[in-house]
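Coordinates from upload_12.csv are shown below (CSV, C-alpha atoms).
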chain,number,residue,atom,x,y,z
T,1,MET,CA,16.4,2.0,3.6
T,2,LYS,CA,19.9,2.0,5.0
T,3,PRO,CA,20.4,-0.4,7.9
T,4,VAL,CA,20.0,1.1,11.3
T,5,ALA,CA,20.7,-0.4,14.7
T,6,LEU,CA,17.9,-0.7,17.2
T,7,SER,CA,20.0,1.2,19.7
T,8,VAL,CA,20.1,4.2,17.4
T,9,VAL,CA,16.4,4.0,16.8
T,10,LEU,CA,15.7,3.9,20.6
T,11,ASP,CA,18.0,6.8,21.3
T,12,TRP,CA,16.2,8.8,18.6
T,13,LEU,CA,12.8,7.9,20.0
T,14,LYS,CA,13.9,9.1,23.4
T,15,SER,CA,15.3,12.4,22.1
T,16,GLU,CA,12.1,13.0,20.2
T,17,ASN,CA,10.0,12.4,23.3
T,18,PHE,CA,8.1,9.5,21.7
T,19,LEU,CA,8.4,7.2,24.7
T,20,CYS,CA,5.7,7.5,27.3
T,21,ASP,CA,8.2,8.3,30.1
T,22,ASN,CA,11.1,10.4,29.0
T,23,SER,CA,13.1,10.1,32.3
T,24,LYS,CA,16.5,8.5,32.3
T,25,ASP,CA,14.8,5.1,32.8
T,26,ALA,CA,12.5,5.6,29.8
T,27,LEU,CA,14.0,2.7,27.9
T,28,SER,CA,12.9,0.3,30.6
T,29,GLN,CA,9.4,0.5,29.0
T,30,VAL,CA,10.8,-1.2,25.8
T,31,VAL,CA,10.7,-4.9,25.5
T,32,LEU,CA,14.0,-5.7,23.8
T,33,LYS,CA,14.5,-9.4,23.0
T,34,VAL,CA,17.4,-9.2,20.6
T,35,ALA,CA,20.8,-7.4,20.8
T,36,PRO,CA,20.7,-3.6,20.7
T,37,SER,CA,23.1,-3.9,17.7
T,38,THR,CA,20.4,-5.8,15.7
T,39,GLU,CA,19.8,-3.9,12.4
T,40,ILE,CA,16.5,-2.8,11.0
T,41,THR,CA,16.8,-2.8,7.2
T,42,GLY,CA,13.2,-2.3,6.0
T,43,PHE,CA,9.6,-1.8,6.9
T,44,ALA,CA,6.3,-3.6,6.1
T,45,SER,CA,2.7,-3.8,7.2
T,46,VAL,CA,2.4,-5.8,10.4
T,47,ASP,CA,1.0,-8.9,8.7
T,48,LEU,CA,4.0,-9.1,6.3
T,49,ALA,CA,6.8,-7.8,8.5
T,50,GLY,CA,9.9,-9.9,9.0
T,51,PRO,CA,12.7,-10.0,11.6
T,52,ALA,CA,14.5,-7.0,10.1
T,53,ASP,CA,11.4,-4.8,9.4
T,54,ALA,CA,9.8,-2.0,11.4
T,55,SER,CA,6.0,-1.9,11.7
T,56,PHE,CA,3.2,-0.8,14.0
T,57,TRP,CA,0.0,-2.1,15.6
T,58,LEU,CA,-2.9,0.0,16.8
T,59,GLY,CA,-4.7,-2.6,18.9
T,60,ASP,CA,-7.8,-4.7,18.5
T,61,SER,CA,-10.3,-3.7,15.8
T,62,VAL,CA,-8.8,-0.3,15.1
T,63,LYS,CA,-9.2,1.0,11.5
T,64,SER,CA,-7.0,3.4,9.7
T,65,GLU,CA,-6.0,4.1,6.1
T,66,THR,CA,-3.5,1.1,6.0
T,67,ASN,CA,-3.8,-2.6,6.4
T,68,SER,CA,-1.4,-2.4,9.4
T,69,ASN,CA,-4.2,-2.3,11.9
T,70,GLY,CA,-7.2,-4.1,13.3
T,71,TYR,CA,-5.4,-7.3,14.0
T,72,SER,CA,-6.6,-9.2,17.0
T,73,SER,CA,-4.2,-9.5,20.0
T,74,ALA,CA,-4.6,-13.3,19.5
T,75,LEU,CA,-2.5,-12.9,16.4
T,76,LEU,CA,0.4,-11.2,18.2
T,77,GLY,CA,2.0,-14.6,18.7
T,78,SER,CA,2.5,-15.0,15.0
T,79,LEU,CA,4.0,-11.5,14.3
T,80,ARG,CA,7.7,-11.5,13.3
T,81,ALA,CA,8.6,-7.8,13.1
T,82,GLY,CA,12.0,-6.6,14.2
T,83,LEU,CA,10.6,-3.4,15.6
T,84,LEU,CA,7.0,-2.9,16.5
T,85,PHE,CA,5.3,0.3,17.8
T,86,VAL,CA,2.3,-0.4,20.0
T,87,PRO,CA,-0.2,1.8,22.0
T,88,ALA,CA,1.0,3.0,25.4
T,89,GLY,CA,-2.1,1.6,26.9
T,90,LEU,CA,-0.6,-1.9,26.6
T,91,LEU,CA,2.2,-1.1,29.1
T,92,ALA,CA,0.3,-2.8,32.0
T,93,GLN,CA,-0.3,-5.9,29.9
T,94,MET,CA,3.3,-6.0,28.8
T,95,ALA,CA,4.6,-5.7,32.4
T,96,SER,CA,2.2,-8.2,34.0
T,97,PRO,CA,3.8,-11.3,35.6
T,98,GLY,CA,4.5,-14.1,33.1
T,99,ALA,CA,3.5,-11.9,30.1
T,100,ASP,CA,5.1,-12.8,26.9
T,101,PHE,CA,3.8,-10.0,24.7
T,102,ALA,CA,4.4,-10.6,20.9
T,103,PRO,CA,7.0,-13.3,21.7
T,104,SER,CA,8.5,-13.3,18.2
T,105,VAL,CA,8.9,-9.6,17.8
T,106,GLY,CA,12.5,-8.4,18.4
T,107,CYS,CA,11.7,-5.0,20.0
T,108,VAL,CA,8.3,-3.8,21.2
T,109,VAL,CA,8.1,0.0,21.8
T,110,PRO,CA,5.0,1.5,23.5
T,111,VAL,CA,4.3,5.0,22.3
T,112,GLU,CA,1.3,7.4,22.6
T,113,TYR,CA,0.5,7.3,18.9
T,114,PRO,CA,2.0,4.3,17.0
T,115,TYR,CA,0.9,5.6,13.6
T,116,HIS,CA,2.7,8.9,14.1
T,117,ALA,CA,5.7,7.2,15.4
T,118,MET,CA,5.8,5.0,12.3
T,119,VAL,CA,5.5,7.9,10.0
T,120,ARG,CA,8.3,9.8,11.8
T,121,PHE,CA,10.5,6.7,11.7
T,122,LEU,CA,10.1,6.5,8.0
T,123,GLU,CA,10.8,10.2,7.6
T,124,ARG,CA,14.0,9.9,9.7
T,125,PHE,CA,15.4,6.6,8.6
T,126,ALA,CA,13.8,5.8,5.2
T,127,GLY,CA,13.2,9.1,3.6
T,128,GLU,CA,16.2,8.9,1.3
T,129,LEU,CA,14.4,6.0,-0.4
T,130,ALA,CA,12.2,8.4,-2.3
T,131,GLU,CA,15.2,10.2,-3.8
T,132,ASN,CA,18.1,7.8,-4.0
T,133,CYS,CA,17.2,4.1,-4.0
T,134,GLY,CA,18.0,1.0,-5.9
T,135,ASP,CA,20.9,-0.1,-8.0
T,136,ALA,CA,22.8,2.1,-10.4
T,137,PRO,CA,21.0,2.9,-13.8
T,138,PHE,CA,21.2,0.1,-16.4
T,139,VAL,CA,19.8,-0.1,-19.9
T,140,ALA,CA,20.1,-3.4,-21.8
T,141,GLU,CA,21.8,-3.1,-25.1
T,142,SER,CA,18.7,-4.4,-26.9
T,143,ALA,CA,16.4,-1.8,-25.3
T,144,ARG,CA,15.3,1.2,-27.3
T,145,VAL,CA,15.1,4.5,-25.4
T,146,HIS,CA,13.9,7.7,-27.1
T,147,ALA,CA,16.2,10.7,-27.0
T,148,SER,CA,13.7,12.7,-25.0
T,149,ALA,CA,13.2,10.1,-22.3
T,150,VAL,CA,14.9,10.2,-18.9
T,151,VAL,CA,16.1,6.9,-17.6
T,152,GLU,CA,17.7,6.7,-14.2
T,153,GLY,CA,16.4,3.2,-13.3
T,154,ARG,CA,16.9,-0.2,-14.9
T,155,VAL,CA,15.5,-1.3,-18.2
T,156,GLY,CA,15.5,-4.9,-19.4
T,157,GLU,CA,16.1,-6.6,-22.7
T,158,ASN,CA,14.1,-5.5,-25.7
T,159,ALA,CA,12.1,-2.9,-23.7
T,160,VAL,CA,10.9,0.3,-25.4
T,161,VAL,CA,10.9,3.7,-23.6
T,162,GLY,CA,9.1,6.2,-25.7
T,163,PRO,CA,9.2,10.0,-26.0
T,164,GLY,CA,8.9,12.0,-22.8
T,165,CYS,CA,9.0,9.0,-20.5
T,166,VAL,CA,10.7,9.1,-17.1
T,167,VAL,CA,12.0,6.0,-15.3
T,168,MET,CA,13.3,7.2,-12.0
T,169,ARG,CA,16.2,5.8,-10.0
T,170,GLY,CA,15.1,2.7,-8.2
T,171,ALA,CA,12.6,1.6,-10.8
T,172,THR,CA,13.0,-1.6,-12.7
T,173,LEU,CA,11.3,-2.5,-16.1
T,174,GLY,CA,11.4,-6.1,-17.1
T,175,ALA,CA,12.2,-7.4,-20.6
T,176,ASN,CA,9.9,-6.6,-23.5
T,177,CYS,CA,8.1,-3.8,-21.6
T,178,VAL,CA,6.7,-0.9,-23.6
T,179,LEU,CA,6.3,2.7,-22.4
T,180,GLU,CA,4.6,4.5,-25.2
T,181,ALA,CA,4.9,8.2,-24.4
T,182,ASN,CA,5.0,10.5,-21.4
T,183,VAL,CA,4.8,7.6,-18.9
T,184,THR,CA,6.2,8.2,-15.4
T,185,VAL,CA,7.6,5.3,-13.3
T,186,TYR,CA,8.5,6.3,-9.8
T,187,PRO,CA,11.2,4.8,-7.5
T,188,ASN,CA,10.7,1.4,-5.9
T,189,VAL,CA,8.5,0.2,-8.8
T,190,VAL,CA,9.3,-3.3,-10.2
T,191,VAL,CA,7.5,-4.2,-13.4
T,192,GLY,CA,7.5,-7.8,-14.8
T,193,GLU,CA,8.1,-8.8,-18.4
T,194,GLY,CA,5.9,-7.9,-21.3
T,195,CYS,CA,3.9,-5.0,-19.7
T,196,VAL,CA,2.6,-2.2,-21.9
T,197,PHE,CA,1.9,1.4,-20.6
T,198,GLN,CA,-0.1,3.8,-22.8
T,199,ALA,CA,0.6,7.5,-22.9
T,200,GLY,CA,0.4,9.4,-19.6
T,201,ALA,CA,0.3,6.4,-17.3
T,202,VAL,CA,1.8,7.1,-13.8
T,203,ILE,CA,3.1,4.2,-11.7
T,204,GLY,CA,4.2,4.6,-8.1
T,205,SER,CA,3.1,8.1,-7.3
T,206,ARG,CA,2.4,9.1,-3.7
T,207,GLY,CA,-0.9,7.8,-2.4
T,208,PHE,CA,-3.6,10.2,-1.2
T,209,GLY,CA,-3.4,9.7,2.6
T,210,PHE,CA,-3.5,12.0,5.6
T,211,TYR,CA,-3.8,11.5,9.3
T,212,GLU,CA,-4.4,13.9,12.2
T,213,TYR,CA,-1.9,14.6,14.9
T,214,GLU,CA,-2.1,17.4,17.5
T,215,GLY,CA,-4.9,19.0,15.5
T,216,VAL,CA,-3.0,19.1,12.3
T,217,ARG,CA,-3.6,17.1,9.1
T,218,ARG,CA,-0.3,15.5,8.0
T,219,PRO,CA,0.6,13.6,4.8
T,220,VAL,CA,1.3,9.9,5.0
T,221,PRO,CA,4.6,8.9,3.3
T,222,HIS,CA,4.2,6.2,0.6
T,223,LEU,CA,7.6,4.7,0.2
T,224,ALA,CA,6.8,1.1,-0.4
T,225,GLY,CA,6.4,1.4,-4.1
T,226,VAL,CA,4.6,-0.9,-6.5
T,227,ARG,CA,5.1,-4.5,-7.7
T,228,ILE,CA,3.6,-5.6,-11.1
T,229,GLY,CA,3.6,-9.1,-12.6
T,230,ARG,CA,3.9,-10.2,-16.2
T,231,GLU,CA,2.0,-9.3,-19.4
T,232,CYS,CA,-0.2,-6.5,-17.9
T,233,SER,CA,-1.5,-3.5,-19.8
T,234,PHE,CA,-2.1,0.0,-18.5
T,235,GLY,CA,-4.4,2.5,-20.3
T,236,ALA,CA,-3.8,6.2,-21.0
T,237,ASN,CA,-3.6,8.5,-18.0
T,238,MET,CA,-4.2,5.7,-15.4
T,239,VAL,CA,-2.5,5.8,-12.0
T,240,VAL,CA,-1.2,3.1,-9.7
T,241,ALA,CA,-0.3,4.7,-6.3
T,242,ALA,CA,2.6,3.5,-4.1
T,243,GLY,CA,2.0,1.7,-0.9
T,244,PHE,CA,2.6,3.0,2.6
T,245,LEU,CA,4.5,0.2,4.4
T,246,SER,CA,4.0,-2.6,1.9
T,247,PRO,CA,3.9,-2.3,-1.9
T,248,THR,CA,0.8,-1.9,-3.9
T,249,THR,CA,0.7,-5.2,-5.9
T,250,ILE,CA,-0.7,-6.3,-9.2
T,251,GLY,CA,-0.5,-9.9,-10.5
T,252,ASP,CA,-0.1,-11.3,-14.0
T,253,LYS,CA,-2.2,-10.6,-17.1
T,254,CYS,CA,-4.2,-7.7,-15.6
T,255,HIS,CA,-5.6,-5.1,-18.0
T,256,PHE,CA,-6.6,-1.6,-17.2
T,257,ASP,CA,-8.4,1.0,-19.4
T,258,SER,CA,-7.8,4.7,-19.5
T,259,PHE,CA,-8.3,6.9,-16.4
T,260,VAL,CA,-8.3,3.9,-14.0
T,261,GLN,CA,-7.2,4.5,-10.4
T,262,VAL,CA,-5.5,1.9,-8.2
T,263,ALA,CA,-4.9,3.5,-4.9
T,264,HIS,CA,-2.2,2.8,-2.3
T,265,ASN,CA,-1.9,-0.5,-0.5
T,266,CYS,CA,-4.2,-2.3,-2.9
T,267,ARG,CA,-3.5,-6.0,-3.6
T,268,LEU,CA,-4.6,-7.3,-6.9
T,269,GLY,CA,-4.5,-10.9,-8.1
T,270,ASN,CA,-4.3,-12.2,-11.7
T,271,ASN,CA,-6.5,-11.8,-14.8
T,272,ILE,CA,-8.2,-8.6,-13.6
T,273,TYR,CA,-10.0,-6.2,-15.9
T,274,MET,CA,-10.9,-2.6,-15.1
T,275,ALA,CA,-12.7,-0.5,-17.7
T,276,SER,CA,-12.4,3.3,-18.1
T,277,GLN,CA,-12.9,5.5,-15.0
T,278,SER,CA,-13.3,2.6,-12.6
T,279,GLY,CA,-11.3,2.9,-9.4
T,280,LEU,CA,-10.2,1.3,-6.2
T,281,ALA,CA,-9.8,3.2,-2.9
T,282,GLY,CA,-6.9,2.4,-0.6
T,283,SER,CA,-6.2,-1.1,0.8
T,284,VAL,CA,-8.7,-3.0,-1.4
T,285,THR,CA,-8.0,-6.7,-2.1
T,286,VAL,CA,-9.0,-7.9,-5.5
T,287,GLU,CA,-8.9,-11.7,-6.1
T,288,ASP,CA,-8.3,-13.4,-9.4
T,289,ASP,CA,-10.6,-13.0,-12.5
T,290,VAL,CA,-12.5,-10.0,-11.3
T,291,GLU,CA,-14.0,-7.5,-13.7
T,292,LEU,CA,-15.0,-3.9,-13.1
T,293,ALA,CA,-17.1,-2.1,-15.8
T,294,GLY,CA,-16.8,1.6,-16.7
T,295,GLY,CA,-17.1,4.0,-13.8
T,296,ALA,CA,-17.4,1.4,-11.1
T,297,GLN,CA,-16.0,2.5,-7.7
T,298,VAL,CA,-14.9,0.5,-4.7
T,299,ALA,CA,-14.5,1.9,-1.2
T,300,GLY,CA,-11.4,1.2,0.9
T,301,HIS,CA,-10.5,-1.9,2.9
T,302,LEU,CA,-12.9,-4.2,1.0
T,303,THR,CA,-12.4,-7.5,-0.7
T,304,LEU,CA,-13.7,-8.4,-4.2
T,305,GLY,CA,-13.9,-12.2,-4.3
T,306,LYS,CA,-12.6,-14.4,-7.1
T,307,GLY,CA,-14.5,-14.0,-10.3
T,308,CYS,CA,-17.0,-11.4,-9.2
T,309,ARG,CA,-18.2,-8.7,-11.6
T,310,ILE,CA,-19.0,-5.1,-10.9
T,311,ALA,CA,-21.4,-3.4,-13.3
T,312,ALA,CA,-21.0,0.0,-14.8
T,313,LYS,CA,-21.3,3.0,-12.4
T,314,ALA,CA,-21.8,0.7,-9.4
T,315,GLY,CA,-20.6,1.9,-6.0
T,316,VAL,CA,-19.2,-0.9,-3.8
T,317,THR,CA,-19.5,-0.2,-0.1
T,318,LYS,CA,-19.2,-3.8,1.2
T,319,SER,CA,-17.0,-6.8,0.3
T,320,ILE,CA,-18.3,-8.9,-2.5
T,321,PRO,CA,-18.3,-12.7,-2.3
T,322,ALA,CA,-16.7,-14.8,-5.0
T,323,GLY,CA,-18.7,-15.2,-8.2
T,324,ARG,CA,-21.2,-12.5,-7.5
T,325,VAL,CA,-22.4,-9.9,-10.0
T,326,VAL,CA,-23.5,-6.6,-8.5
T,327,SER,CA,-24.8,-3.2,-9.7
T,328,GLY,CA,-26.2,0.1,-8.3
T,329,PHE,CA,-25.4,2.2,-5.3
T,330,PRO,CA,-24.9,0.9,-2.8
T,331,ALA,CA,-24.0,-2.2,-4.9
T,332,GLU,CA,-26.3,-5.2,-4.6
T,333,ASP,CA,-27.0,-8.4,-6.4
T,334,ILE,CA,-27.7,-7.4,-10.0
T,335,GLU,CA,-31.0,-9.2,-10.2
T,336,VAL,CA,-32.3,-7.5,-7.1
T,337,TRP,CA,-31.1,-4.1,-8.5
T,338,ARG,CA,-32.9,-4.8,-11.8
T,339,ARG,CA,-36.2,-5.6,-10.1
T,340,SER,CA,-35.8,-2.5,-8.0
T,341,MET,CA,-35.3,-0.3,-11.0
T,342,VAL,CA,-38.4,-1.8,-12.7
T,343,ARG,CA,-40.5,-1.2,-9.6
T,344,LEU,CA,-39.2,2.4,-9.4
T,345,ARG,CA,-40.0,3.2,-13.0
T,346,GLN,CA,-43.5,1.7,-12.5
T,347,MET,CA,-44.0,3.9,-9.5
T,348,GLY,CA,-42.9,7.0,-11.5
T,349,LYS,CA,-45.6,6.3,-14.2
T,350,LYS,CA,-48.5,6.4,-11.7

Kindly present the structure from the file in structure tokens form.
Amino acid sequence: MKPVALSVVLDWLKSENFLCDNSKDALSQVVLKVAPSTEITGFASVDLAGPADASFWLGDSVKSETNSNGYSSALLGSLRAGLLFVPAGLLAQMASPGADFAPSVGCVVPVEYPYHAMVRFLERFAGELAENCGDAPFVAESARVHASAVVEGRVGENAVVGPGCVVMRGATLGANCVLEANVTVYPNVVVGEGCVFQAGAVIGSRGFGFYEYEGVRRPVPHLAGVRIGRECSFGANMVVAAGFLSPTTIGDKCHFDSFVQVAHNCRLGNNIYMASQSGLAGSVTVEDDVELAGGAQVAGHLTLGKGCRIAAKAGVTKSIPAGRVVSGFPAEDIEVWRRSMVRLRQMGKK
């Protein structure tokens, strides 16, 4: 996003009636610990936000469709955001004598609905990212681009962009990447070296997220893009959705079969294998060396521990510890599931 001064953001918030008290003294509610001229240059989930980032916090143990929530107030001391939207109910706590609320946050803004304020902030100050972001187009001389492909992003050495592919402005393909045919790479996607994308793969499309405000379902903007490591492979017609405030991330040497879904805000480690039609809902964390068999599905906001394995058609509804092998729905230890299936069949024969 383009840099924007905190003073400009605060004036906009007041004009849009976001502040709890819109009188001439409304800005007195804001805790401003840095100069009003301080610029906000980006955005991130609250756990990753830095001094120049905007973010939001919903309060203790509150869940939503992002990872920017549910953090204990005990962790406020470690937050480093430049601009943080918080619930209006915290006004009294912020104003109490001797309070040092979120001491390392540059500007704390209490609003009625922090999630909606964050979305509107993105729409107002970061919306151009979806259409015109990143450096000017560049294609390395050694890259091969099919005549029917559209390349507006950056393509590295010895990369291959096949027929019908689209690399949008703001996307970056590393050296030796291969886009076979009809692959679409959206803005703010960065792909490491040596990755292969089979026909029809879509990387960085908008995530499927909605929230309710004033009785209306509204779409969540997903502008944070995708970050992919080295030597990964992506099957035909698979999708990796862009993140909301922080990128959807995939590590090195991960391999995905056809029709795999990796939803917004997921964070994947290294050496992960997902067979055809398996999928991750939003904000799932997958540690290194995890395997998902065909058709396995994982609910949102869960963690799959290092080296665990998910059997075919399993439905994961709780986080899985490292090294476990699970099956069934809801997924449980595979030996328990097998014994249960034997007992069930025996009952059916009586």

Neighbourhood query: residues within 9 Å of (-0.6, 12.0, 7.8), file coordinates, counting all atoms listed in the file; return as a PyMOL selection string. chain T and resi 115-116+119+209-213+216-221

Separating CA of Lys313 in chain T from CA of Leu292 in chain T, to the nearest tenth of an Å, is a gap of 9.4 Å

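Within the 9 Å cut-off around Ile228 in chain T, using all atoms listed in the file and omitting residues fewer than 4 positions from it on the same chain, the listed residues are Val189, Val190, Val191, Gly192, Cys195, Cys232, Thr248, Thr249, Ile250, Gly251 and Asp252 of chain T.
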
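Of the listed residues T:Val185, T:Phe125, T:Val108, T:Val86, the one whose atoms come nearest to Pro3 in chain T is T:Phe125, with distances taken using all atoms listed in the file.
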
Please tell me which residues are no farther than 10 Å from (16.4, 3.6, 14.3) in the file, counting all atoms listed in the file, and write them as a PDB file with C-alpha atoms, keeping the file's coordinate frame.
ATOM      1  CA  PRO T   3      20.400  -0.400   7.900  1.00  0.00           C
ATOM      2  CA  VAL T   4      20.000   1.100  11.300  1.00  0.00           C
ATOM      3  CA  ALA T   5      20.700  -0.400  14.700  1.00  0.00           C
ATOM      4  CA  LEU T   6      17.900  -0.700  17.200  1.00  0.00           C
ATOM      5  CA  SER T   7      20.000   1.200  19.700  1.00  0.00           C
ATOM      6  CA  VAL T   8      20.100   4.200  17.400  1.00  0.00           C
ATOM      7  CA  VAL T   9      16.400   4.000  16.800  1.00  0.00           C
ATOM      8  CA  LEU T  10      15.700   3.900  20.600  1.00  0.00           C
ATOM      9  CA  ASP T  11      18.000   6.800  21.300  1.00  0.00           C
ATOM     10  CA  TRP T  12      16.200   8.800  18.600  1.00  0.00           C
ATOM     11  CA  LEU T  13      12.800   7.900  20.000  1.00  0.00           C
ATOM     12  CA  GLU T  39      19.800  -3.900  12.400  1.00  0.00           C
ATOM     13  CA  ILE T  40      16.500  -2.800  11.000  1.00  0.00           C
ATOM     14  CA  THR T  41      16.800  -2.800   7.200  1.00  0.00           C
ATOM     15  CA  ALA T  54       9.800  -2.000  11.400  1.00  0.00           C
ATOM     16  CA  LEU T  83      10.600  -3.400  15.600  1.00  0.00           C
ATOM     17  CA  PHE T 121      10.500   6.700  11.700  1.00  0.00           C
ATOM     18  CA  LEU T 122      10.100   6.500   8.000  1.00  0.00           C
ATOM     19  CA  ARG T 124      14.000   9.900   9.700  1.00  0.00           C
ATOM     20  CA  PHE T 125      15.400   6.600   8.600  1.00  0.00           C
ATOM     21  CA  ALA T 126      13.800   5.800   5.200  1.00  0.00           C
TER      22      ALA T 126
END

Could you check which of T:Met168, T:Leu84, T:Ala140, T:Val183 is closest to Gly225 in chain T, using all atoms listed in the file? T:Met168

With a distance cut-off of 6 Å and all atoms listed in the file, select the neighbouring residues of range 101-106 of chain T, excluding the residue or stretch itself and same-chain residues fewer than 6 positions from it, and output the selection as a ChimeraX atom specification. /T:33-34,76-77,80-82,94

Mind giving me the straight-line distance from CA of Asn188 in chain T to CA of Gly229 in chain T in Å, one decimal?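 Computed distance, CA of Asn188 in chain T to CA of Gly229 in chain T, equals 14.3 Å.
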
Go through range 267-293 of chain T and flag each residue having an atom no more than 12 Å from range 325-337 of chain T; for those, report the closest pair of atoms plus their distance in Å to one decimal, using only C-alpha atoms, ordered by chain and rising number, as CSV.
residue,atom,partner,partner_atom,distance
T:Val290,CA,T:Val325,CA,10.0
T:Glu291,CA,T:Val325,CA,9.5
T:Leu292,CA,T:Val325,CA,10.0
T:Ala293,CA,T:Ser327,CA,9.9

Got time to write the residues from that selection, C-alpha atoms, as a compact mmCIF listing (two decimals), in the frame of the given file?
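Dumped to result-v5.txt:
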# COMPACT_ATOMS: atom_id res chain seq x y z
CA VAL T 290 -12.50 -10.00 -11.30
CA GLU T 291 -14.00 -7.50 -13.70
CA LEU T 292 -15.00 -3.90 -13.10
CA ALA T 293 -17.10 -2.10 -15.80

Which residue out of T:Phe234, T:Ala35, T:Ala311, T:Gly295 has the minimum interatomic distance to Arg338 in chain T when only C-alpha atoms are used?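 So, comparing all the options, the nearest one is T:Ala311.
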
From the set T:Arg144, T:Arg267, T:Arg230, T:Arg169, which residue has the shortest atom-to-atom contact distance to Glu193 in chain T, counting all atoms listed in the file?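 Of the candidates, the smallest distance to Glu193 in chain T is held by T:Arg230.
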